[in-house]
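Peer 1: Before anything else, here's the structure in question.
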Amino acid sequence: MAETIFTSEECEVVSFAPLATIGGSGITRRILLATGGGKVVLISLDAGQEIAERTNPNHALIQVLTGSLNLVLDGKRRVLGPGELLHMSPQLPHALRANISTSFLLTLLAPVTIP
């Protein structure tokens, strides 16, 4: 992945449109912000592109900006469209596929331990 768009010290506005352009591979990832407690990534997928099943140790939020995603969450199918937000708990097996060209925000948050 390339440079981070924001640093935690900045207050800045950017447009998603130029950041969400698809690269030659059909999948583009741009880190918008990375801090000790989490990361925000803008991901763009060409139609038909897939991300194979995986798990993640963090809480994850997927917010579709444009397009449509087919998700498989712990074996259950779900479709997510523009403006929808999905929470995935840590270690949840998941996979996704873009139905059409799609861009979404992935927010990863480290689990918080309460004393």
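Every chain in the structure tokens takes a letter, A first, then B, and so on in the order presented; its residues are numbered from 1, and the ligands are numbered from 1 following the presented order.
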Taking 6 positions as the minimum chain separation for residues in the same chain, which residues sit within 7 Å of Asn99 (chain A) when counting only C-alpha atoms? Answer as a short mmCIF file (atom, residue, chain, number, x, y, z; two decimals) with N, CA and C atoms, in the first residue's frame.
Peer 2:
```cif
data_model
loop_
_atom_site.label_atom_id
_atom_site.label_comp_id
_atom_site.auth_asym_id
_atom_site.auth_seq_id
_atom_site.Cartn_x
_atom_site.Cartn_y
_atom_site.Cartn_z
N ALA A 47 -15.80 -4.66 -11.19
CA ALA A 47 -16.88 -5.66 -11.19
C ALA A 47 -16.29 -7.06 -11.26
N GLY A 48 -16.77 -7.95 -10.41
CA GLY A 48 -16.33 -9.33 -10.41
C GLY A 48 -15.10 -9.61 -9.57
N SER A 68 -21.95 -2.26 -5.25
CA SER A 68 -22.65 -3.30 -4.48
C SER A 68 -21.69 -4.45 -4.20
N LEU A 69 -21.74 -4.95 -2.96
CA LEU A 69 -20.88 -6.05 -2.55
C LEU A 69 -21.71 -7.26 -2.17
N ASN A 70 -21.30 -8.44 -2.61
CA ASN A 70 -21.80 -9.70 -2.07
C ASN A 70 -20.82 -10.11 -1.00
#
```
Peer 1: Could you give me, as a PyMOL selection string, the residues within 9 Å of region 55-62 of chain A, counting only C-alpha atoms and dropping anything in the same chain fewer than 3 positions from it?
Peer 2: chain A and resi 38+80+84-95+104-111
Peer 1: Keeping only C-alpha atoms, take the residues you just selected and write them out as a short mmCIF file (atom, residue, chain, number, x, y, z; two decimals), in the first residue's frame.
Peer 2:
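The result, stored in again-v6.cif:
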```
data_model
loop_
_atom_site.label_atom_id
_atom_site.label_comp_id
_atom_site.auth_asym_id
_atom_site.auth_seq_id
_atom_site.Cartn_x
_atom_site.Cartn_y
_atom_site.Cartn_z
CA GLY A 38 -7.01 1.59 13.97
CA LEU A 80 -24.43 -4.45 0.90
CA GLU A 84 -25.03 0.81 4.14
CA LEU A 85 -22.68 0.11 7.03
CA LEU A 86 -21.76 -3.35 8.32
CA HIS A 87 -19.96 -4.25 11.56
CA MET A 88 -17.87 -7.42 11.69
CA SER A 89 -16.65 -8.70 15.03
CA PRO A 90 -13.02 -9.83 15.43
CA GLN A 91 -12.15 -13.23 13.93
CA LEU A 92 -15.38 -13.44 11.87
CA PRO A 93 -14.65 -15.41 8.66
CA HIS A 94 -15.58 -13.22 5.68
CA ALA A 95 -15.18 -12.96 1.91
CA PHE A 104 -16.05 1.21 0.17
CA LEU A 105 -14.43 2.35 3.37
CA LEU A 106 -12.92 -0.29 5.62
CA THR A 107 -12.39 0.89 9.19
CA LEU A 108 -10.37 -1.42 11.43
CA LEU A 109 -10.49 -0.83 15.18
CA ALA A 110 -8.33 -2.65 17.67
CA PRO A 111 -10.35 -4.45 20.37
#
```
Peer 1: If I take CA of Leu33 (chain A) and CA of Gln63 (chain A), how far is one from the other in Å, to one decimal?
Peer 2: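 Between CA of Leu33 (chain A) and CA of Gln63 (chain A) the gap works out to 15.4 Å.
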Peer 1: Between A:Gly67, A:Gly83, A:Gly26, A:Asp74, which is the closest to Gln49 (chain A) once you count only C-alpha atoms?
Peer 2: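 Nearest to Gln49 (chain A): A:Gly26.
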Peer 1: Please, what distance in Å, to one decimal, runs between CA of Leu42 (chain A) and CA of Ile114 (chain A)?
Peer 2: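 CA of Ile114 (chain A) lies 29.5 Å from CA of Leu42 (chain A).
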Peer 1: Calculated over only C-alpha atoms, which of the candidates A:Arg54, A:Arg97, A:Ser103, A:Val41 has the smallest distance to Thr66 (chain A)?
Peer 2: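 Under the stated criterion, the closest residue is A:Ser103.
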Peer 1: Which value, in Å to one decimal, gives the distance between CA of Val40 (chain A) and CA of Gly75 (chain A)?
Peer 2: 25.5 Å
Peer 1: In terms of the shortest atom-to-atom distance over only C-alpha atoms, which of A:Leu73, A:Glu50, A:Leu65, A:Ile43 is closest to Arg30 (chain A)?
Peer 2: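 For Arg30 (chain A), the nearest of the given residues is A:Ile43.
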Peer 1: Which one of A:Val112, A:Val72, A:Val79, A:Ile27 sits closest to Asp46 (chain A) if you count only C-alpha atoms?
Peer 2: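 The closest residue to Asp46 (chain A) is A:Ile27.
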